[in-house]
Structures are given as C-alpha cells and as structure tokens.
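S.K.: Hey, dropping entry-v7.csv in here, CSV, C-alpha atoms:
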```
chain,number,residue,atom,x,y,z
R,1,MET,CA,-237.2,53.1,-42.9
R,2,THR,CA,-235.1,49.9,-42.8
R,3,ALA,CA,-233.9,50.6,-46.3
R,4,GLU,CA,-232.7,54.0,-45.2
R,5,ILE,CA,-230.9,52.6,-42.2
R,6,ASN,CA,-229.2,50.0,-44.5
R,7,LYS,CA,-228.1,52.9,-46.7
R,8,ILE,CA,-226.6,54.6,-43.7
R,9,HIS,CA,-224.7,51.5,-42.7
R,10,LEU,CA,-223.4,51.1,-46.2
R,11,ILE,CA,-222.3,54.8,-46.3
R,12,ARG,CA,-220.4,54.4,-43.0
R,13,LEU,CA,-218.8,51.1,-44.2
R,14,LEU,CA,-217.7,52.8,-47.5
R,15,ARG,CA,-216.3,55.8,-45.6
R,16,PHE,CA,-214.5,53.5,-43.1
R,17,SER,CA,-213.0,51.6,-46.0
R,18,ARG,CA,-211.8,54.7,-47.7
R,19,LEU,CA,-210.2,56.0,-44.5
R,20,ALA,CA,-208.6,52.7,-43.8
R,21,ALA,CA,-207.2,52.6,-47.4
R,22,MET,CA,-205.8,56.1,-47.0
R,23,ALA,CA,-204.2,55.4,-43.6
R,24,GLY,CA,-202.7,52.2,-45.1
R,25,GLY,CA,-201.3,54.1,-48.0
R,26,PHE,CA,-199.5,56.5,-45.5
R,27,VAL,CA,-198.2,53.5,-43.5
R,28,MET,CA,-196.7,52.0,-46.7
R,29,LEU,CA,-195.3,55.4,-47.7
R,30,LEU,CA,-193.9,55.9,-44.3
R,31,LEU,CA,-192.1,52.5,-44.3
R,32,GLU,CA,-190.6,53.2,-47.8
R,33,VAL,CA,-189.5,56.8,-47.0
R,34,ARG,CA,-188.0,55.8,-43.7
R,35,PHE,CA,-185.9,53.1,-45.4
R,36,GLN,CA,-184.9,55.3,-48.4
R,37,HIS,CA,-183.9,58.2,-46.1
R,38,ARG,CA,-181.9,56.1,-43.7
R,39,ALA,CA,-178.6,57.6,-44.6
R,40,ALA,CA,-179.8,61.2,-45.2
R,41,LEU,CA,-181.5,61.5,-41.7
R,42,VAL,CA,-178.1,62.0,-39.9
R,43,ASP,CA,-177.0,65.0,-41.9
R,44,ASP,CA,-180.1,67.0,-42.7
R,45,TRP,CA,-183.5,67.9,-41.3
R,46,ARG,CA,-185.4,67.9,-44.6
R,47,PRO,CA,-185.6,64.0,-44.9
R,48,TRP,CA,-187.5,64.0,-41.6
R,49,MET,CA,-190.4,66.1,-43.1
R,50,PRO,CA,-192.1,63.2,-45.0
R,51,ILE,CA,-191.5,60.8,-42.1
R,52,VAL,CA,-193.0,63.0,-39.5
R,53,PHE,CA,-195.9,64.1,-41.8
R,54,ALA,CA,-196.8,60.5,-42.7
R,55,ASN,CA,-196.8,59.5,-39.0
R,56,LEU,CA,-199.2,62.4,-38.2
R,57,MET,CA,-201.5,61.4,-41.1
R,58,ILE,CA,-201.7,57.8,-39.8
R,59,TYR,CA,-203.2,59.1,-36.6
R,60,LEU,CA,-205.1,62.1,-38.1
R,61,ILE,CA,-207.1,60.1,-40.7
R,62,PRO,CA,-209.0,57.8,-38.2
R,63,THR,CA,-209.4,60.6,-35.7
R,64,ALA,CA,-210.9,62.9,-38.3
R,65,GLY,CA,-213.1,60.0,-39.5
R,66,ILE,CA,-214.6,59.7,-36.1
R,67,PHE,CA,-215.5,63.4,-36.2
R,68,TRP,CA,-216.5,63.4,-39.9
R,69,ASN,CA,-219.6,65.5,-39.5
R,70,LYS,CA,-218.1,67.8,-36.9
R,71,GLY,CA,-215.4,69.2,-39.1
R,72,GLY,CA,-213.3,66.0,-39.6
R,73,LYS,CA,-214.0,66.1,-43.3
R,74,PHE,CA,-212.6,69.6,-43.6
R,75,VAL,CA,-209.6,68.8,-41.5
R,76,LEU,CA,-208.8,65.9,-43.9
R,77,ILE,CA,-209.3,68.1,-46.9
R,78,GLY,CA,-206.7,70.6,-45.5
R,79,ALA,CA,-204.4,67.7,-44.5
R,80,TYR,CA,-204.6,66.2,-48.0
R,81,CYS,CA,-203.8,69.6,-49.5
R,82,LEU,CA,-200.8,69.8,-47.2
R,83,THR,CA,-199.8,66.3,-48.4
R,84,MET,CA,-199.7,67.6,-52.0
R,85,VAL,CA,-197.7,70.6,-51.0
R,86,LEU,CA,-195.2,68.4,-49.1
R,87,GLY,CA,-194.8,66.2,-52.2
R,88,THR,CA,-194.2,69.3,-54.4
R,89,ILE,CA,-191.6,70.5,-51.9
R,90,GLY,CA,-190.0,67.1,-51.9
R,91,VAL,CA,-189.6,67.2,-55.7
R,92,TYR,CA,-187.8,70.5,-55.3
R,93,PHE,CA,-185.5,69.2,-52.6
R,94,HIS,CA,-184.8,66.0,-54.6
R,95,SER,CA,-183.8,68.0,-57.6
R,96,ASP,CA,-181.6,70.5,-55.8
R,97,GLY,CA,-182.8,73.2,-58.0
R,98,HIS,CA,-182.0,71.3,-61.3
R,99,LEU,CA,-185.4,69.9,-61.9
R,100,ILE,CA,-185.4,70.1,-65.7
R,101,GLU,CA,-181.9,68.7,-66.1
R,102,HIS,CA,-182.7,65.7,-63.9
R,103,LEU,CA,-186.0,65.1,-65.6
R,104,LEU,CA,-184.3,65.1,-69.0
R,105,GLU,CA,-181.8,62.6,-67.7
R,106,LEU,CA,-184.7,60.5,-66.4
R,107,MET,CA,-186.4,60.6,-69.8
R,108,ARG,CA,-183.2,59.8,-71.6
R,109,VAL,CA,-183.3,56.2,-70.5
R,110,TRP,CA,-186.4,55.7,-72.7
R,111,ILE,CA,-184.5,56.5,-75.9
R,112,ILE,CA,-181.2,54.7,-75.4
R,113,PRO,CA,-180.6,50.9,-75.5
R,114,PRO,CA,-181.1,49.1,-72.1
R,115,ASN,CA,-177.4,48.2,-71.8
R,116,GLU,CA,-176.5,51.8,-72.0
R,117,GLY,CA,-179.2,52.8,-69.5
R,118,ALA,CA,-177.8,50.4,-67.0
R,119,GLU,CA,-174.6,52.3,-67.0
R,120,ILE,CA,-176.2,55.6,-66.0
R,121,ALA,CA,-175.5,56.3,-62.3
R,122,ALA,CA,-177.8,58.8,-60.7
R,123,HIS,CA,-175.9,60.9,-58.1
R,124,TYR,CA,-179.1,62.4,-56.7
R,125,PRO,CA,-182.3,61.2,-55.0
R,126,PRO,CA,-185.2,60.0,-57.2
R,127,ILE,CA,-186.9,63.0,-58.7
R,128,VAL,CA,-190.4,61.8,-59.0
R,129,ALA,CA,-190.6,59.7,-55.8
R,130,PRO,CA,-192.1,62.6,-53.7
R,131,LEU,CA,-194.9,62.7,-56.2
R,132,ALA,CA,-196.3,59.7,-54.3
R,133,PHE,CA,-197.3,62.2,-51.7
R,134,VAL,CA,-199.0,64.4,-54.4
R,135,GLY,CA,-200.9,61.3,-55.7
R,136,LEU,CA,-202.0,60.1,-52.2
R,137,GLY,CA,-203.1,63.6,-51.3
R,138,ALA,CA,-205.1,63.9,-54.6
R,139,ILE,CA,-206.8,60.5,-53.9
R,140,GLY,CA,-207.6,61.6,-50.4
R,141,LEU,CA,-209.2,64.8,-51.7
R,142,LEU,CA,-211.3,62.9,-54.1
R,143,PHE,CA,-212.5,60.7,-51.3
R,144,CYS,CA,-213.5,63.7,-49.2
R,145,ILE,CA,-215.1,65.7,-52.0
R,146,GLU,CA,-217.1,62.8,-53.6
R,147,SER,CA,-219.8,61.8,-51.3
R,148,PRO,CA,-220.2,58.1,-51.0
R,149,SER,CA,-223.9,58.6,-50.5
R,150,LYS,CA,-226.5,58.8,-53.2
R,151,VAL,CA,-229.1,59.8,-50.7
R,152,SER,CA,-229.4,63.2,-52.5
R,153,GLN,CA,-230.5,61.3,-55.6
R,154,THR,CA,-233.0,59.2,-53.7
R,155,ARG,CA,-236.4,60.7,-53.2
R,156,ILE,CA,-237.7,60.6,-49.7
R,157,ASN,CA,-241.5,60.4,-49.8
R,158,THR,CA,-242.4,63.1,-47.3
R,159,GLU,CA,-246.1,62.9,-48.0
R,160,SER,CA,-246.4,59.3,-46.7
R,161,GLN,CA,-244.4,59.8,-43.6
R,162,PRO,CA,-245.6,61.7,-40.5
R,163,GLU,CA,-243.4,64.6,-39.3
R,164,VAL,CA,-242.3,62.6,-36.2
R,165,GLU,CA,-240.9,59.8,-38.4
R,166,LEU,CA,-239.0,62.3,-40.4
R,167,ALA,CA,-237.4,63.8,-37.3
R,168,ILE,CA,-236.4,60.3,-36.1
R,169,GLU,CA,-235.0,59.4,-39.5
R,170,ALA,CA,-233.0,62.7,-39.5
R,171,ALA,CA,-231.6,61.8,-36.0
R,172,VAL,CA,-230.6,58.3,-37.1
R,173,GLU,CA,-229.0,59.5,-40.2
R,174,SER,CA,-226.7,62.0,-38.5
R,175,ASP,CA,-223.8,60.9,-40.8
R,176,VAL,CA,-225.7,62.1,-43.9
R,177,GLU,CA,-227.5,65.0,-42.2
R,178,SER,CA,-226.4,67.5,-44.8
R,179,GLU,CA,-227.8,65.4,-47.6
R,180,VAL,CA,-231.1,64.6,-46.0
R,181,GLU,CA,-231.7,68.1,-44.7
R,182,PRO,CA,-232.9,69.6,-48.0
R,183,PHE,CA,-235.7,67.0,-48.2
R,184,ILE,CA,-236.8,67.7,-44.6
R,185,SER,CA,-236.8,71.4,-45.0
R,186,ALA,CA,-238.7,71.1,-48.3
R,187,LYS,CA,-241.5,69.5,-46.3
R,188,SER,CA,-241.8,72.4,-43.8
```
Could you take the file, read its structure, and then write that structure out as structure tokens?
M.R.:
Amino acid sequence: MTAEINKIHLIRLLRFSRLAAMAGGFVMLLLEVRFQHRAALVDDWRPWMPIVFANLMIYLIPTAGIFWNKGGKFVLIGAYCLTMVLGTIGVYFHSDGHLIEHLLELMRVWIIPPNEGAEIAAHYPPIVAPLAFVGLGAIGLLFCIESPSKVSQTRINTESQPEVELAIEAAVESDVESEVEPFISAKS
C-alpha cells in the first residue's frame, strides 16, 4: 500500500509541475504581449484581448488544478481550446486580412541575401507571434489529455487484499479515482 501512496504523491507532483509550467508560460507570454502592445493599447480594443486572457489563465490554471477531479480538468481543456482560438484570431488581426501576402513576405527573407533582408521594413505586426497562444494551448491540452498516471497499467492484486483495504485505498487515491475504479469494480 505504501508503493501505491508513493505513486499518488508522484502523480500529484507531476500534475503540479505541469500546471506550474503552464501558468509560467502564460506569465512570460503576458509580459511579452503587454510590452509589444504598449503603443497599440491606446487606439484599439483588440490588443487587450491577449493581455486580459493571459491574466485570467494565470489565475485559472492553479484554481482548476485544485479542483482537478471535480471538473477542473475539463475547465482547463476548454480554456486551452479558447487559447488556441485566441491565437488564431490574433493571426487574423495581425495580418489585417492579408495573411498570404504577409506570409510570403515573411518567407522571402529566406531566399534573399542577409544584407537585402535587413532592408525590409515590416509595416504590420508580426504575423506568427499570436501562434504562441496556439502552441501554449496545444501543450496544455496534451497535459490534460495525457494522464500522468500509469496506474491503469499497474495491476492491483485484488485477491490478496481484503475489501476494506480496497475501500481505504480508493479513498486515499481520490486523485486517481477514475483510473483505480475499474479495478475495484472488477472485484465486486
């Protein structure tokens, strides 16, 4: 039973590490976006979208982590999907409806000499910068979808443990309840 408790602590530590990394990613993104949008914030409402959203995610991630088994995981899945949508909308806003033209210009610097590339002045926001939100959302989705636990692959020997020990073990392992439940229900 001690080995099972150690697994639970390891699972919680891994989940905490992932949530901390995601919140840290949003902090870094928030700092960068706030700096890069400093001049545009006065004239338009659209540059506020990633700033407000990243701020919300910084608080939502740890809160949803606390309630992971009570719907927090699904809240984060939805929030990471919204993150990807926001990044896609950002690409549209940055391109001003000329996505292909701006992408071609972006690719042009790869086929011209460096001294000519330095002379190109972009008169529009960076096209692919909002894709950082898409990437961060995709990483978050992978963290939520892939379970850090391999309990489902570990056999719990139900024949050697009395029913009471199984009930206590299930209560202690509340974080991995959904993965232990099939083994417990198989016994009954």
S.K.: Just to confirm, what's the straight-line distance from atom CA of Leu131 of chain R to atom CA of Tyr59 of chain R in Å (one decimal)?
M.R.: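 Between these atoms lies a distance of 21.6 Å.
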S.K.: Met84 of chain R: which residues within 8 Å, counting all atoms listed in the file, same-chain residues fewer than 2 positions away excluded, as a list in words?
M.R.: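 Residues meeting the cut-off are Tyr80, Cys81, Leu82, Leu86, Gly87, Thr88, Phe133, Val134, Gly135, Leu136, Gly137 and Ala138 of chain R.
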S.K.: What is the atom CA of Tyr124 of chain R-atom CA of Pro47 of chain R distance in Å, reported with one decimal?
M.R.: 13.6 Å
S.K.: Grab the atom CA of Ser95 of chain R to atom CA of Leu142 of chain R distance for me, in Å with one decimal place.
M.R.: 28.2 Å
S.K.: Counting all atoms listed in the file, which residue out of R:Ile127, R:Asn115, R:Arg108, R:Gly71 sits closest to Asp96 of chain R?
M.R.: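 Closest candidate: R:Ile127.
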S.K.: Given all atoms listed in the file as the basis, pick out the residue of R:Ile111, R:Leu104, R:Val27, R:Ala20 nearest to Thr63 of chain R.
M.R.: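 Of all the options, R:Ala20 lies closest to Thr63 of chain R.
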S.K.: Using only C-alpha atoms, find the one residue out of R:Pro50, R:Ile89, R:Ala23, R:Ile5 that sits nearest to Leu76 of chain R.
M.R.: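 Result for the nearest residue to Leu76 of chain R: R:Ala23.
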S.K.: Between R:Val91, R:Glu119, R:Ile66, R:Val128, which residue has the minimum interatomic distance to Met107 of chain R, considering only C-alpha atoms?
M.R.: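 Using only C-alpha atoms, the shortest distance to Met107 of chain R belongs to R:Val128.
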S.K.: For a quick check of understanding, using all atoms listed in the file, which of R:Cys144, R:Met49, R:Ala121, R:Met57 has the smallest distance to Asn69 of chain R?
M.R.: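 Smallest distance to Asn69 of chain R is found for R:Cys144.
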S.K.: R:Val85, R:Ala3, R:Ile51, R:Ala39: which is nearest Phe26 of chain R, counting all atoms listed in the file?
M.R.: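 With all atoms listed in the file as the atom set, the closest residue is R:Ile51.
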S.K.: Taking all listed atoms of segment 82-90 of chain R, build the axis-aligned box, pad each of the six sides by 5 Å, then write its centre and edge lengths in Å to one decimal as AutoDock Vina command-line options.
M.R.:
```
--center_x -195.4 --center_y 68.4 --center_z -50.8 --size_x 20.8 --size_y 14.4 --size_z 17.2
```
S.K.: Compile the contact shell of Val75 of chain R as a ChimeraX atom specification: residues with an atom at most 10 Å away, counting all atoms listed in the file, same-chain residues fewer than 6 positions apart removed.
M.R.: /R:60-61,64-65,67-68,81
S.K.: Write segment 23-48 of chain R as a PDB file, keeping the file's coordinate frame, completed to N, CA and C atoms.
M.R.:
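Result file is rebuild36.pdb:
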```pdb
ATOM      1  N   ALA R  23    -205.148  55.548 -44.697  1.00  0.00           N
ATOM      2  CA  ALA R  23    -204.200  55.400 -43.600  1.00  0.00           C
ATOM      3  C   ALA R  23    -203.195  54.274 -43.965  1.00  0.00           C
ATOM      4  N   GLY R  24    -203.656  53.212 -44.611  1.00  0.00           N
ATOM      5  CA  GLY R  24    -202.700  52.200 -45.100  1.00  0.00           C
ATOM      6  C   GLY R  24    -201.754  52.665 -46.102  1.00  0.00           C
ATOM      7  N   GLY R  25    -202.192  53.545 -46.967  1.00  0.00           N
ATOM      8  CA  GLY R  25    -201.300  54.100 -48.000  1.00  0.00           C
ATOM      9  C   GLY R  25    -200.195  54.949 -47.283  1.00  0.00           C
ATOM     10  N   PHE R  26    -200.559  55.680 -46.239  1.00  0.00           N
ATOM     11  CA  PHE R  26    -199.500  56.500 -45.500  1.00  0.00           C
ATOM     12  C   PHE R  26    -198.603  55.540 -44.721  1.00  0.00           C
ATOM     13  N   VAL R  27    -199.106  54.408 -44.234  1.00  0.00           N
ATOM     14  CA  VAL R  27    -198.200  53.500 -43.500  1.00  0.00           C
ATOM     15  C   VAL R  27    -197.189  52.918 -44.533  1.00  0.00           C
ATOM     16  N   MET R  28    -197.630  52.506 -45.716  1.00  0.00           N
ATOM     17  CA  MET R  28    -196.700  52.000 -46.700  1.00  0.00           C
ATOM     18  C   MET R  28    -195.690  53.049 -47.144  1.00  0.00           C
ATOM     19  N   LEU R  29    -196.181  54.257 -47.340  1.00  0.00           N
ATOM     20  CA  LEU R  29    -195.300  55.400 -47.700  1.00  0.00           C
ATOM     21  C   LEU R  29    -194.293  55.663 -46.626  1.00  0.00           C
ATOM     22  N   LEU R  30    -194.751  55.628 -45.391  1.00  0.00           N
ATOM     23  CA  LEU R  30    -193.900  55.900 -44.300  1.00  0.00           C
ATOM     24  C   LEU R  30    -192.746  54.815 -44.208  1.00  0.00           C
ATOM     25  N   LEU R  31    -193.108  53.555 -44.379  1.00  0.00           N
ATOM     26  CA  LEU R  31    -192.100  52.500 -44.300  1.00  0.00           C
ATOM     27  C   LEU R  31    -191.061  52.683 -45.443  1.00  0.00           C
ATOM     28  N   GLU R  32    -191.508  53.000 -46.627  1.00  0.00           N
ATOM     29  CA  GLU R  32    -190.600  53.200 -47.800  1.00  0.00           C
ATOM     30  C   GLU R  32    -189.699  54.402 -47.582  1.00  0.00           C
ATOM     31  N   VAL R  33    -190.298  55.523 -47.188  1.00  0.00           N
ATOM     32  CA  VAL R  33    -189.500  56.800 -47.000  1.00  0.00           C
ATOM     33  C   VAL R  33    -188.511  56.603 -45.910  1.00  0.00           C
ATOM     34  N   ARG R  34    -188.916  55.976 -44.820  1.00  0.00           N
ATOM     35  CA  ARG R  34    -188.000  55.800 -43.700  1.00  0.00           C
ATOM     36  C   ARG R  34    -186.777  54.950 -44.138  1.00  0.00           C
ATOM     37  N   PHE R  35    -187.030  53.931 -44.939  1.00  0.00           N
ATOM     38  CA  PHE R  35    -185.900  53.100 -45.400  1.00  0.00           C
ATOM     39  C   PHE R  35    -185.045  53.875 -46.404  1.00  0.00           C
ATOM     40  N   GLN R  36    -185.657  54.566 -47.343  1.00  0.00           N
ATOM     41  CA  GLN R  36    -184.900  55.300 -48.400  1.00  0.00           C
ATOM     42  C   GLN R  36    -184.115  56.462 -47.810  1.00  0.00           C
ATOM     43  N   HIS R  37    -184.605  57.053 -46.744  1.00  0.00           N
ATOM     44  CA  HIS R  37    -183.900  58.200 -46.100  1.00  0.00           C
ATOM     45  C   HIS R  37    -182.990  57.833 -45.023  1.00  0.00           C
ATOM     46  N   ARG R  38    -182.723  56.554 -44.832  1.00  0.00           N
ATOM     47  CA  ARG R  38    -181.900  56.100 -43.700  1.00  0.00           C
ATOM     48  C   ARG R  38    -180.582  56.754 -43.561  1.00  0.00           C
ATOM     49  N   ALA R  39    -179.900  56.980 -44.667  1.00  0.00           N
ATOM     50  CA  ALA R  39    -178.600  57.600 -44.600  1.00  0.00           C
ATOM     51  C   ALA R  39    -178.644  59.111 -44.517  1.00  0.00           C
ATOM     52  N   ALA R  40    -179.665  59.696 -45.108  1.00  0.00           N
ATOM     53  CA  ALA R  40    -179.800  61.200 -45.200  1.00  0.00           C
ATOM     54  C   ALA R  40    -180.277  61.754 -43.848  1.00  0.00           C
ATOM     55  N   LEU R  41    -180.863  60.941 -42.975  1.00  0.00           N
ATOM     56  CA  LEU R  41    -181.500  61.500 -41.700  1.00  0.00           C
ATOM     57  C   LEU R  41    -180.416  62.018 -40.773  1.00  0.00           C
ATOM     58  N   VAL R  42    -179.178  61.572 -40.885  1.00  0.00           N
ATOM     59  CA  VAL R  42    -178.100  62.000 -39.900  1.00  0.00           C
ATOM     60  C   VAL R  42    -177.657  63.397 -40.260  1.00  0.00           C
ATOM     61  N   ASP R  43    -177.604  63.742 -41.520  1.00  0.00           N
ATOM     62  CA  ASP R  43    -177.000  65.000 -41.900  1.00  0.00           C
ATOM     63  C   ASP R  43    -177.920  66.174 -42.101  1.00  0.00           C
ATOM     64  N   ASP R  44    -179.199  65.919 -42.310  1.00  0.00           N
ATOM     65  CA  ASP R  44    -180.100  67.000 -42.700  1.00  0.00           C
ATOM     66  C   ASP R  44    -181.451  66.845 -42.053  1.00  0.00           C
ATOM     67  N   TRP R  45    -182.157  67.961 -41.900  1.00  0.00           N
ATOM     68  CA  TRP R  45    -183.500  67.900 -41.300  1.00  0.00           C
ATOM     69  C   TRP R  45    -184.583  67.671 -42.332  1.00  0.00           C
ATOM     70  N   ARG R  46    -184.319  67.960 -43.582  1.00  0.00           N
ATOM     71  CA  ARG R  46    -185.400  67.900 -44.600  1.00  0.00           C
ATOM     72  C   ARG R  46    -185.890  66.425 -44.809  1.00  0.00           C
ATOM     73  N   PRO R  47    -185.047  65.386 -44.735  1.00  0.00           N
ATOM     74  CA  PRO R  47    -185.600  64.000 -44.900  1.00  0.00           C
ATOM     75  C   PRO R  47    -186.571  63.617 -43.794  1.00  0.00           C
ATOM     76  N   TRP R  48    -186.569  64.339 -42.683  1.00  0.00           N
ATOM     77  CA  TRP R  48    -187.500  64.000 -41.600  1.00  0.00           C
ATOM     78  C   TRP R  48    -188.921  64.507 -41.933  1.00  0.00           C
TER      79      TRP R  48
END
```
